[in-house]
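**Student:** PDB, C-alpha atoms and all ligand atoms, saved as start34.pdb, coming up:
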ATOM      1  CA  MET A   1      14.072 -11.617  -5.128  1.00  0.00           C
ATOM      2  CA  ALA A   2      10.378 -10.915  -4.572  1.00  0.00           C
ATOM      3  CA  THR A   3       7.694  -9.257  -6.670  1.00  0.00           C
ATOM      4  CA  VAL A   4       6.080  -6.377  -4.796  1.00  0.00           C
ATOM      5  CA  LEU A   5       2.849  -4.636  -5.749  1.00  0.00           C
ATOM      6  CA  SER A   6       2.816  -1.089  -4.363  1.00  0.00           C
ATOM      7  CA  VAL A   7      -0.774   0.159  -4.208  1.00  0.00           C
ATOM      8  CA  SER A   8      -1.803   3.746  -3.544  1.00  0.00           C
ATOM      9  CA  GLY A   9      -5.448   4.223  -2.605  1.00  0.00           C
ATOM     10  CA  SER A  10      -5.616   8.014  -2.796  1.00  0.00           C
ATOM     11  CA  PRO A  11      -8.018   9.637  -5.258  1.00  0.00           C
ATOM     12  CA  SER A  12      -5.892  12.806  -5.292  1.00  0.00           C
ATOM     13  CA  ALA A  13      -3.975  13.735  -8.441  1.00  0.00           C
ATOM     14  CA  THR A  14      -1.289  15.318  -6.237  1.00  0.00           C
ATOM     15  CA  SER A  15      -1.356  12.570  -3.640  1.00  0.00           C
ATOM     16  CA  ARG A  16       1.240  12.618  -0.896  1.00  0.00           C
ATOM     17  CA  THR A  17       0.501   8.959  -0.227  1.00  0.00           C
ATOM     18  CA  ALA A  18       1.300   7.998  -3.817  1.00  0.00           C
ATOM     19  CA  ARG A  19       4.472  10.094  -3.843  1.00  0.00           C
ATOM     20  CA  LEU A  20       5.569   8.556  -0.566  1.00  0.00           C
ATOM     21  CA  LEU A  21       4.985   5.057  -1.909  1.00  0.00           C
ATOM     22  CA  ARG A  22       6.945   5.755  -5.090  1.00  0.00           C
ATOM     23  CA  HIS A  23       9.773   7.071  -2.905  1.00  0.00           C
ATOM     24  CA  LEU A  24       9.728   3.871  -0.813  1.00  0.00           C
ATOM     25  CA  ASP A  25       9.467   1.758  -3.977  1.00  0.00           C
ATOM     26  CA  ARG A  26      12.980   2.904  -4.833  1.00  0.00           C
ATOM     27  CA  ARG A  27      14.314   1.561  -1.525  1.00  0.00           C
ATOM     28  CA  LEU A  28      12.684  -1.820  -2.213  1.00  0.00           C
ATOM     29  CA  THR A  29      14.029  -1.856  -5.772  1.00  0.00           C
ATOM     30  CA  ALA A  30      17.522  -1.096  -4.464  1.00  0.00           C
ATOM     31  CA  GLN A  31      17.148  -4.135  -2.202  1.00  0.00           C
ATOM     32  CA  GLY A  32      16.615  -6.312  -5.263  1.00  0.00           C
ATOM     33  CA  HIS A  33      12.833  -6.598  -5.418  1.00  0.00           C
ATOM     34  CA  GLU A  34      10.768  -6.102  -8.541  1.00  0.00           C
ATOM     35  CA  VAL A  35       8.313  -3.347  -7.631  1.00  0.00           C
ATOM     36  CA  ILE A  36       5.126  -2.748  -9.604  1.00  0.00           C
ATOM     37  CA  PRO A  37       3.325   0.534  -8.801  1.00  0.00           C
ATOM     38  CA  LEU A  38      -0.461   0.683  -8.914  1.00  0.00           C
ATOM     39  CA  ASP A  39      -2.435   3.875  -8.352  1.00  0.00           C
ATOM     40  CA  VAL A  40      -6.060   2.823  -7.894  1.00  0.00           C
ATOM     41  CA  ARG A  41      -7.208   6.245  -9.141  1.00  0.00           C
ATOM     42  CA  THR A  42      -5.938   5.375 -12.638  1.00  0.00           C
ATOM     43  CA  LEU A  43      -8.361   2.447 -12.975  1.00  0.00           C
ATOM     44  CA  PRO A  44     -11.541   3.072 -14.991  1.00  0.00           C
ATOM     45  CA  ALA A  45     -14.078   4.422 -12.488  1.00  0.00           C
ATOM     46  CA  GLU A  46     -17.185   2.882 -14.025  1.00  0.00           C
ATOM     47  CA  ALA A  47     -15.640  -0.588 -14.138  1.00  0.00           C
ATOM     48  CA  LEU A  48     -14.244  -0.220 -10.623  1.00  0.00           C
ATOM     49  CA  LEU A  49     -17.490   0.996  -9.066  1.00  0.00           C
ATOM     50  CA  GLY A  50     -19.565  -1.393 -11.166  1.00  0.00           C
ATOM     51  CA  ALA A  51     -17.447  -4.350 -10.024  1.00  0.00           C
ATOM     52  CA  ASP A  52     -16.705  -5.241 -13.649  1.00  0.00           C
ATOM     53  CA  VAL A  53     -13.933  -7.744 -13.008  1.00  0.00           C
ATOM     54  CA  ARG A  54     -13.890  -8.688 -16.696  1.00  0.00           C
ATOM     55  CA  HIS A  55     -12.836  -5.192 -17.729  1.00  0.00           C
ATOM     56  CA  PRO A  56      -9.230  -5.612 -18.975  1.00  0.00           C
ATOM     57  CA  ALA A  57      -7.797  -2.928 -16.679  1.00  0.00           C
ATOM     58  CA  ILE A  58      -9.534  -4.357 -13.624  1.00  0.00           C
ATOM     59  CA  ALA A  59      -8.602  -7.925 -14.557  1.00  0.00           C
ATOM     60  CA  GLU A  60      -5.001  -6.806 -14.995  1.00  0.00           C
ATOM     61  CA  ALA A  61      -4.973  -5.119 -11.575  1.00  0.00           C
ATOM     62  CA  LEU A  62      -6.387  -8.230  -9.919  1.00  0.00           C
ATOM     63  CA  ALA A  63      -3.768 -10.373 -11.670  1.00  0.00           C
ATOM     64  CA  LEU A  64      -1.048  -8.129 -10.256  1.00  0.00           C
ATOM     65  CA  PHE A  65      -2.246  -8.989  -6.747  1.00  0.00           C
ATOM     66  CA  ASP A  66      -2.327 -12.658  -7.671  1.00  0.00           C
ATOM     67  CA  HIS A  67       1.274 -12.669  -8.890  1.00  0.00           C
ATOM     68  CA  ALA A  68       2.748 -10.546  -6.098  1.00  0.00           C
ATOM     69  CA  ASP A  69       4.758 -12.031  -3.237  1.00  0.00           C
ATOM     70  CA  GLY A  70       4.354  -8.852  -1.240  1.00  0.00           C
ATOM     71  CA  VAL A  71       1.922  -5.950  -1.279  1.00  0.00           C
ATOM     72  CA  VAL A  72       2.439  -2.421   0.012  1.00  0.00           C
ATOM     73  CA  ILE A  73      -0.966  -0.912   0.755  1.00  0.00           C
ATOM     74  CA  GLY A  74      -0.901   2.871   1.105  1.00  0.00           C
ATOM     75  CA  THR A  75      -3.957   4.951   1.905  1.00  0.00           C
ATOM     76  CA  PRO A  76      -4.801   8.419   3.086  1.00  0.00           C
ATOM     77  CA  VAL A  77      -6.886   8.380   6.259  1.00  0.00           C
ATOM     78  CA  TYR A  78     -10.394   9.422   5.317  1.00  0.00           C
ATOM     79  CA  LYS A  79     -13.019   9.737   8.048  1.00  0.00           C
ATOM     80  CA  ALA A  80     -10.796   7.851  10.484  1.00  0.00           C
ATOM     81  CA  ALA A  81     -10.312   4.860   8.156  1.00  0.00           C
ATOM     82  CA  TYR A  82      -8.882   3.905   4.739  1.00  0.00           C
ATOM     83  CA  SER A  83     -10.128   5.559   1.559  1.00  0.00           C
ATOM     84  CA  GLY A  84     -13.256   4.328  -0.168  1.00  0.00           C
ATOM     85  CA  LEU A  85     -11.225   4.152  -3.376  1.00  0.00           C
ATOM     86  CA  LEU A  86      -8.858   1.601  -1.863  1.00  0.00           C
ATOM     87  CA  LYS A  87     -11.759  -0.444  -0.487  1.00  0.00           C
ATOM     88  CA  SER A  88     -13.504  -0.427  -3.870  1.00  0.00           C
ATOM     89  CA  LEU A  89     -10.523  -2.319  -5.324  1.00  0.00           C
ATOM     90  CA  LEU A  90     -10.006  -4.634  -2.344  1.00  0.00           C
ATOM     91  CA  ASP A  91     -13.692  -5.571  -2.609  1.00  0.00           C
ATOM     92  CA  LEU A  92     -13.055  -6.942  -6.106  1.00  0.00           C
ATOM     93  CA  LEU A  93     -10.359  -9.339  -4.962  1.00  0.00           C
ATOM     94  CA  PRO A  94     -11.329 -12.887  -3.966  1.00  0.00           C
ATOM     95  CA  GLN A  95     -12.265 -13.247  -0.287  1.00  0.00           C
ATOM     96  CA  TYR A  96      -8.839 -14.723   0.453  1.00  0.00           C
ATOM     97  CA  GLY A  97      -6.982 -12.730  -2.179  1.00  0.00           C
ATOM     98  CA  LEU A  98      -4.015 -12.041   0.090  1.00  0.00           C
ATOM     99  CA  VAL A  99      -3.313 -15.617   1.192  1.00  0.00           C
ATOM    100  CA  GLY A 100       0.412 -16.267   1.441  1.00  0.00           C
ATOM    101  CA  LYS A 101       1.325 -12.653   0.795  1.00  0.00           C
ATOM    102  CA  THR A 102       3.431 -10.400   2.962  1.00  0.00           C
ATOM    103  CA  VAL A 103       1.749  -7.032   3.420  1.00  0.00           C
ATOM    104  CA  LEU A 104       3.052  -3.630   4.505  1.00  0.00           C
ATOM    105  CA  PRO A 105       0.216  -1.261   5.510  1.00  0.00           C
ATOM    106  CA  LEU A 106       0.969   2.469   5.306  1.00  0.00           C
ATOM    107  CA  ALA A 107      -1.229   5.502   5.874  1.00  0.00           C
ATOM    108  CA  THR A 108      -0.929   9.261   5.686  1.00  0.00           C
ATOM    109  CA  GLY A 109      -3.225  11.540   7.629  1.00  0.00           C
ATOM    110  CA  GLY A 110      -3.789  15.036   8.882  1.00  0.00           C
ATOM    111  CA  THR A 111      -3.980  14.329  12.600  1.00  0.00           C
ATOM    112  CA  THR A 112      -2.280  11.997  15.048  1.00  0.00           C
ATOM    113  CA  ALA A 113      -5.764  11.442  16.524  1.00  0.00           C
ATOM    114  CA  HIS A 114      -6.122   8.848  13.764  1.00  0.00           C
ATOM    115  CA  VAL A 115      -2.719   7.233  14.030  1.00  0.00           C
ATOM    116  CA  LEU A 116      -4.397   3.919  14.878  1.00  0.00           C
ATOM    117  CA  ALA A 117      -6.456   3.829  11.671  1.00  0.00           C
ATOM    118  CA  ILE A 118      -4.011   1.269  10.281  1.00  0.00           C
ATOM    119  CA  ASP A 119      -4.501  -1.099  13.203  1.00  0.00           C
ATOM    120  CA  TYR A 120      -8.216  -0.541  13.838  1.00  0.00           C
ATOM    121  CA  ALA A 121      -9.455  -0.150  10.259  1.00  0.00           C
ATOM    122  CA  LEU A 122      -7.002  -1.381   7.608  1.00  0.00           C
ATOM    123  CA  ARG A 123      -5.315  -4.312   9.338  1.00  0.00           C
ATOM    124  CA  PRO A 124      -8.591  -6.230  10.025  1.00  0.00           C
ATOM    125  CA  VAL A 125      -9.533  -5.976   6.338  1.00  0.00           C
ATOM    126  CA  LEU A 126      -6.136  -7.279   5.216  1.00  0.00           C
ATOM    127  CA  SER A 127      -6.290 -10.005   7.831  1.00  0.00           C
ATOM    128  CA  SER A 128      -9.773 -11.093   6.710  1.00  0.00           C
ATOM    129  CA  MET A 129      -8.356 -11.518   3.211  1.00  0.00           C
ATOM    130  CA  GLY A 130      -5.899 -14.101   4.471  1.00  0.00           C
ATOM    131  CA  ALA A 131      -2.685 -12.076   4.347  1.00  0.00           C
ATOM    132  CA  GLY A 132       0.135 -14.413   5.352  1.00  0.00           C
ATOM    133  CA  HIS A 133       2.137 -11.857   7.281  1.00  0.00           C
ATOM    134  CA  ILE A 134       1.140  -8.251   7.899  1.00  0.00           C
ATOM    135  CA  VAL A 135       4.312  -6.519   9.039  1.00  0.00           C
ATOM    136  CA  GLN A 136       4.387  -3.428  11.206  1.00  0.00           C
ATOM    137  CA  GLY A 137       2.852  -0.481   9.376  1.00  0.00           C
ATOM    138  CA  TRP A 138       3.421   3.235   9.689  1.00  0.00           C
ATOM    139  CA  PHE A 139       1.236   6.349   9.825  1.00  0.00           C
ATOM    140  CA  THR A 140       2.865   9.488   8.418  1.00  0.00           C
ATOM    141  CA  LEU A 141       1.452  12.944   9.040  1.00  0.00           C
ATOM    142  CA  ASP A 142       0.800  14.839   5.816  1.00  0.00           C
ATOM    143  CA  LYS A 143       2.836  17.790   7.101  1.00  0.00           C
ATOM    144  CA  GLU A 144       5.861  15.475   7.368  1.00  0.00           C
ATOM    145  CA  ILE A 145       5.798  14.990   3.585  1.00  0.00           C
ATOM    146  CA  ALA A 146       6.925  18.000   1.555  1.00  0.00           C
ATOM    147  CA  VAL A 147       6.805  18.151  -2.220  1.00  0.00           C
ATOM    148  CA  ALA A 148       8.892  20.802  -3.988  1.00  0.00           C
ATOM    149  CA  ASP A 149       7.771  22.491  -7.216  1.00  0.00           C
ATOM    150  CA  ASP A 150      10.014  20.137  -9.204  1.00  0.00           C
ATOM    151  CA  GLY A 151       8.276  17.135  -7.569  1.00  0.00           C
ATOM    152  CA  THR A 152      11.146  16.313  -5.219  1.00  0.00           C
ATOM    153  CA  LEU A 153       9.871  14.628  -2.081  1.00  0.00           C
ATOM    154  CA  THR A 154      11.256  15.346   1.365  1.00  0.00           C
ATOM    155  CA  VAL A 155      10.159  13.388   4.415  1.00  0.00           C
ATOM    156  CA  ALA A 156      10.775  14.760   7.914  1.00  0.00           C
ATOM    157  CA  PRO A 157      13.821  12.981   9.401  1.00  0.00           C
ATOM    158  CA  ALA A 158      12.054  11.060  12.196  1.00  0.00           C
ATOM    159  CA  ALA A 159       9.326   9.859   9.838  1.00  0.00           C
ATOM    160  CA  ALA A 160      11.887   8.960   7.168  1.00  0.00           C
ATOM    161  CA  GLU A 161      13.806   6.863   9.671  1.00  0.00           C
ATOM    162  CA  ALA A 162      10.673   5.055  10.854  1.00  0.00           C
ATOM    163  CA  LEU A 163       9.557   4.412   7.288  1.00  0.00           C
ATOM    164  CA  ALA A 164      12.973   3.050   6.314  1.00  0.00           C
ATOM    165  CA  GLN A 165      12.742   0.685   9.258  1.00  0.00           C
ATOM    166  CA  VAL A 166       9.292  -0.693   8.399  1.00  0.00           C
ATOM    167  CA  VAL A 167      10.255  -1.023   4.732  1.00  0.00           C
ATOM    168  CA  ASP A 168      13.396  -2.948   5.703  1.00  0.00           C
ATOM    169  CA  GLN A 169      11.359  -5.233   7.988  1.00  0.00           C
ATOM    170  CA  PHE A 170       8.957  -5.861   5.104  1.00  0.00           C
ATOM    171  CA  SER A 171      11.884  -6.569   2.795  1.00  0.00           C
ATOM    172  CA  ALA A 172      13.398  -9.014   5.300  1.00  0.00           C
ATOM    173  CA  ALA A 173      10.045 -10.794   5.705  1.00  0.00           C
ATOM    174  CA  LEU A 174       9.798 -11.112   1.925  1.00  0.00           C
ATOM    175  CA  GLY A 175      13.324 -12.511   1.812  1.00  0.00           C
ATOM    176  CA  SER A 176      12.459 -15.162   4.407  1.00  0.00           C
ATOM    177  CA  ARG A 177       9.328 -16.122   2.509  1.00  0.00           C
ATOM    178  CA  THR A 178      11.046 -16.475  -0.876  1.00  0.00           C
ATOM    179  CA  ALA A 179      13.878 -18.481   0.723  1.00  0.00           C
ATOM    180  CA  PHE A 180      11.295 -20.772   2.348  1.00  0.00           C
ATOM    181  CA  LEU A 181       9.422 -21.266  -0.929  1.00  0.00           C
ATOM    182  CA  ALA A 182      12.680 -21.955  -2.796  1.00  0.00           C
ATOM    183  CA  ALA A 183      13.656 -24.561  -0.172  1.00  0.00           C
ATOM    184  CA  ALA A 184      10.193 -26.135  -0.403  1.00  0.00           C
ATOM    185  CA  GLY A 185      10.712 -26.465  -4.161  1.00  0.00           C
TER
HETATM  186  C1  LIG B   1     -12.193  13.662   2.510  1.00  0.00           C
HETATM  187  C2  LIG B   1     -11.023  13.709   3.465  1.00  0.00           C
HETATM  188  C3  LIG B   1     -11.153  13.152   4.706  1.00  0.00           C
HETATM  189  C4  LIG B   1     -10.082  13.161   5.598  1.00  0.00           C
HETATM  190  N1  LIG B   1     -10.234  12.589   6.829  1.00  0.00           N
HETATM  191  C5  LIG B   1      -9.183  12.540   7.668  1.00  0.00           C
HETATM  192  C6  LIG B   1      -9.308  11.893   8.942  1.00  0.00           C
HETATM  193  O1  LIG B   1     -10.364  11.435   9.333  1.00  0.00           O
HETATM  194  N2  LIG B   1      -8.205  11.825   9.730  1.00  0.00           N
HETATM  195  C7  LIG B   1      -6.994  12.336   9.340  1.00  0.00           C
HETATM  196  O2  LIG B   1      -6.021  12.228  10.080  1.00  0.00           O
HETATM  197  N3  LIG B   1      -6.850  12.974   8.152  1.00  0.00           N
HETATM  198  C8  LIG B   1      -7.913  13.082   7.312  1.00  0.00           C
HETATM  199  N4  LIG B   1      -7.782  13.695   6.092  1.00  0.00           N
HETATM  200  C9  LIG B   1      -6.458  14.240   5.707  1.00  0.00           C
HETATM  201  C10 LIG B   1      -5.732  13.263   4.782  1.00  0.00           C
HETATM  202  O3  LIG B   1      -5.722  11.939   5.291  1.00  0.00           O
HETATM  203  C11 LIG B   1      -4.269  13.655   4.602  1.00  0.00           C
HETATM  204  O4  LIG B   1      -4.154  14.985   4.185  1.00  0.00           O
HETATM  205  C12 LIG B   1      -3.565  12.702   3.637  1.00  0.00           C
HETATM  206  O5  LIG B   1      -2.171  12.852   3.742  1.00  0.00           O
HETATM  207  C13 LIG B   1      -3.986  12.958   2.202  1.00  0.00           C
HETATM  208  O6  LIG B   1      -3.299  12.032   1.413  1.00  0.00           O
HETATM  209  P1  LIG B   1      -3.236  12.172  -0.175  1.00  0.00           P
HETATM  210  O7  LIG B   1      -2.525  13.456  -0.507  1.00  0.00           O
HETATM  211  O8  LIG B   1      -2.489  10.977  -0.599  1.00  0.00           O
HETATM  212  O9  LIG B   1      -4.645  12.142  -0.682  1.00  0.00           O
HETATM  213  C14 LIG B   1      -8.844  13.735   5.219  1.00  0.00           C
HETATM  214  C15 LIG B   1      -8.736  14.330   3.942  1.00  0.00           C
HETATM  215  C16 LIG B   1      -9.807  14.307   3.086  1.00  0.00           C
HETATM  216  C17 LIG B   1      -9.672  14.960   1.727  1.00  0.00           C
END
Translate this structure into structure tokens?
**Tutor:**
Amino acid sequence: MATVLSVSGSPSATSRTARLLRHLDRRLTAQGHEVIPLDVRTLPAEALLGADVRHPAIAEALALFDHADGVVIGTPVYKAAYSGLLKSLLDLLPQYGLVGKTVLPLATGGTTAHVLAIDYALRPVLSSMGAGHIVQGWFTLDKEIAVADDGTLTVAPAAAEALAQVVDQFSAALGSRTAFLAAAG
């Protein structure tokens, strides 16, 4: 099926956003997609902040975007927007680095006051980069994501249902795109 790059933009070592994405990755994998996880925090900081696109790890990350059919972009809400860490990587992509790609924007945050951060902050950035189709995203409250001592993730039922729905819509959009490309030869 499709190749999906699943990008977490949290700088936290115990990130709920990253754990949530890895949980959703499994749903996409079960639907037949090849899912490649990318935690921006694992990239070399000096190369990332110094915009060293020739650094092998940065070049490899940029190539992953290039080869992906679909991209899941997950970020914690920081100061009512996406994280600076996520933006530092997006800034290294070509201006139209998301052309032709299907994108699922996801955010986690501490307050519903910032539930629109995806639509007001993240979506315009993704759109400016030429994303072919940005499907409906979802904002999950941090308190709806529980992590047990053994690392097991539990998502509150209503949030889990909403997330499953947006992931399935993303998956269906990817399926339509790959079928279209196959028909176009
Ligand atoms: C520096 C910082 C700024 C934050 N700013 C906001 C904010 O403006 N709005 C909000 O809803 N949550 C805010 N939060 C809460 C985080 O978005 C929330 O806890 C998120 O789930 C953390 O995700 P993570 O565990 O993946 O890093 C902030 C947290 C931090 C550490």
**Student:** Per residue of stretch 144-180 of chain A within 10 Å of stretch 65-75 of chain A, note the shortest atom pair and the distance in Å to one decimal, counting only C-alpha atoms, and order the rows by chain and increasing residue number, as CSV.
**Tutor:**
residue,atom,partner,partner_atom,distance
A:Val167,CA,A:Val72,CA,9.2
A:Phe170,CA,A:Gly70,CA,8.4
A:Ser171,CA,A:Gly70,CA,8.8
A:Ala173,CA,A:Gly70,CA,9.2
A:Leu174,CA,A:Gly70,CA,6.7
A:Gly175,CA,A:Asp69,CA,10.0
A:Arg177,CA,A:Asp69,CA,8.4
A:Thr178,CA,A:Asp69,CA,8.1
**Student:** Could you produce a table of the residues of chain A lying within 7 Å of ligand LIG 1 (chain B), with the nearest pair of atoms per residue and their separation in Å rounded to one decimal, using all atoms listed in the file, ordered by chain and increasing residue number, as a Markdown table?
**Tutor:**
| residue | atom | partner | partner_atom | distance |
| --- | --- | --- | --- | --- |
| A:Ser10 | CA | B:LIG1 | O9 | 4.7 |
| A:Pro11 | CA | B:LIG1 | O9 | 6.2 |
| A:Ser12 | CA | B:LIG1 | O9 | 4.8 |
| A:Thr14 | CA | B:LIG1 | O7 | 6.2 |
| A:Ser15 | CA | B:LIG1 | O7 | 3.5 |
| A:Arg16 | CA | B:LIG1 | O7 | 3.9 |
| A:Thr17 | CA | B:LIG1 | O8 | 3.6 |
| A:Ala18 | CA | B:LIG1 | O8 | 5.8 |
| A:Thr75 | CA | B:LIG1 | O8 | 6.7 |
| A:Pro76 | CA | B:LIG1 | O3 | 4.3 |
| A:Val77 | CA | B:LIG1 | O3 | 3.9 |
| A:Tyr78 | CA | B:LIG1 | N1 | 3.5 |
| A:Lys79 | CA | B:LIG1 | O1 | 3.4 |
| A:Ala80 | CA | B:LIG1 | O1 | 3.8 |
| A:Ala81 | CA | B:LIG1 | O1 | 6.7 |
| A:Thr108 | CA | B:LIG1 | O5 | 4.3 |
| A:Gly109 | CA | B:LIG1 | O3 | 3.4 |
| A:Gly110 | CA | B:LIG1 | N3 | 3.8 |
| A:Thr111 | CA | B:LIG1 | O2 | 3.9 |
| A:Thr112 | CA | B:LIG1 | O2 | 6.2 |
| A:Ala113 | CA | B:LIG1 | O2 | 6.5 |
| A:His114 | CA | B:LIG1 | O2 | 5.0 |
| A:Leu141 | CA | B:LIG1 | O5 | 6.4 |
| A:Asp142 | CA | B:LIG1 | O5 | 4.1 |
**Student:** What separation in Å, quoted to one decimal, exists between atom CA of A:Ala164 and atom CA of A:Val35?
**Tutor:**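 Atom CA of A:Val35 lies at a distance of 16.0 Å from atom CA of A:Ala164.
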**Student:** Could you give me, as an mmCIF file with C-alpha atoms, in the coordinates of the input, the residues that have an atom at most 10 Å away from the point (8.2, 6.7, 0.2) in the coordinates of the file, using all atoms listed in the file?
**Tutor:**
data_model
loop_
_atom_site.group_PDB
_atom_site.id
_atom_site.type_symbol
_atom_site.label_atom_id
_atom_site.label_comp_id
_atom_site.auth_asym_id
_atom_site.auth_seq_id
_atom_site.Cartn_x
_atom_site.Cartn_y
_atom_site.Cartn_z
ATOM 1 C CA ARG A 16 1.240 12.618 -0.896
ATOM 2 C CA THR A 17 0.501 8.959 -0.227
ATOM 3 C CA ALA A 18 1.300 7.998 -3.817
ATOM 4 C CA ARG A 19 4.472 10.094 -3.843
ATOM 5 C CA LEU A 20 5.569 8.556 -0.566
ATOM 6 C CA LEU A 21 4.985 5.057 -1.909
ATOM 7 C CA ARG A 22 6.945 5.755 -5.090
ATOM 8 C CA HIS A 23 9.773 7.071 -2.905
ATOM 9 C CA LEU A 24 9.728 3.871 -0.813
ATOM 10 C CA ASP A 25 9.467 1.758 -3.977
ATOM 11 C CA ARG A 26 12.980 2.904 -4.833
ATOM 12 C CA ARG A 27 14.314 1.561 -1.525
ATOM 13 C CA LEU A 28 12.684 -1.820 -2.213
ATOM 14 C CA GLY A 74 -0.901 2.871 1.105
ATOM 15 C CA LEU A 106 0.969 2.469 5.306
ATOM 16 C CA ILE A 145 5.798 14.990 3.585
ATOM 17 C CA LEU A 153 9.871 14.628 -2.081
ATOM 18 C CA THR A 154 11.256 15.346 1.365
ATOM 19 C CA VAL A 155 10.159 13.388 4.415
ATOM 20 C CA ALA A 160 11.887 8.960 7.168
ATOM 21 C CA LEU A 163 9.557 4.412 7.288
ATOM 22 C CA ALA A 164 12.973 3.050 6.314
ATOM 23 C CA VAL A 167 10.255 -1.023 4.732
#
**Student:** Please evaluate the PyMOL selection byres (((chain A and resi 128) around 12) and not hetatm) against the displayed coordinates and give the resulting residues as a list in words.
**Tutor:**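 What the PyMOL selection byres (((chain A and resi 128) around 12) and not hetatm) grabs from the file is Leu90, Asp91, Leu93, Pro94, Gln95, Tyr96, Gly97, Leu98, Val99, Ala121, Leu122, Arg123, Pro124, Val125, Leu126, Ser127, Met129, Gly130, Ala131, Gly132, His133 and Ile134 of chain A.
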**Student:** Return as a PDB file with C-alpha atoms, in the frame of the given file the set of residues that the PyMOL selection byres (((chain A and resi 36-53) around 6) and not hetatm) yields on the displayed structure.
**Tutor:**
ATOM      1  CA  LEU A   5       2.849  -4.636  -5.749  1.00  0.00           C
ATOM      2  CA  SER A   6       2.816  -1.089  -4.363  1.00  0.00           C
ATOM      3  CA  VAL A   7      -0.774   0.159  -4.208  1.00  0.00           C
ATOM      4  CA  SER A   8      -1.803   3.746  -3.544  1.00  0.00           C
ATOM      5  CA  GLY A   9      -5.448   4.223  -2.605  1.00  0.00           C
ATOM      6  CA  PRO A  11      -8.018   9.637  -5.258  1.00  0.00           C
ATOM      7  CA  VAL A  35       8.313  -3.347  -7.631  1.00  0.00           C
ATOM      8  CA  ARG A  54     -13.890  -8.688 -16.696  1.00  0.00           C
ATOM      9  CA  HIS A  55     -12.836  -5.192 -17.729  1.00  0.00           C
ATOM     10  CA  ILE A  58      -9.534  -4.357 -13.624  1.00  0.00           C
ATOM     11  CA  ALA A  59      -8.602  -7.925 -14.557  1.00  0.00           C
TER      12      ALA A  59
END
**Student:** Restricting the calculation to all atoms listed in the file: of A:Val103, A:Ala30, A:Ala148, A:Ala179, which residue gets closest to A:Gln136?
**Tutor:**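 The answer is A:Val103, which sits nearest to A:Gln136.
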**Student:** Do you have the atom CA of A:Met1-atom CA of A:Gln31 distance handy?
**Tutor:**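 Going from atom CA of A:Met1 over to atom CA of A:Gln31, I get 8.6 Å.
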**Student:** When you draw a straight line from atom CA of A:Gly137 to atom CA of A:Ala159, how long is it in Å?
**Tutor:**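 Rounded to one decimal, the two atoms are 12.2 Å apart.
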**Student:** Taking all atoms of stretch 141-144 of chain A that the file lists, what box with edges along x, y and z, padded by 5 Å per side, do you get, with centre and edge lengths in Å to one decimal, as JSON?
**Tutor:**
{"center_x": 3.3, "center_y": 15.4, "center_z": 7.4, "size_x": 15.1, "size_y": 14.8, "size_z": 13.2}
**Student:** A:Val166, A:Ala183, A:Ala117, A:Leu64: which is nearest A:Thr3, counting only C-alpha atoms?
**Tutor:**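 Residue with the minimum atom-to-atom distance to A:Thr3: A:Leu64.
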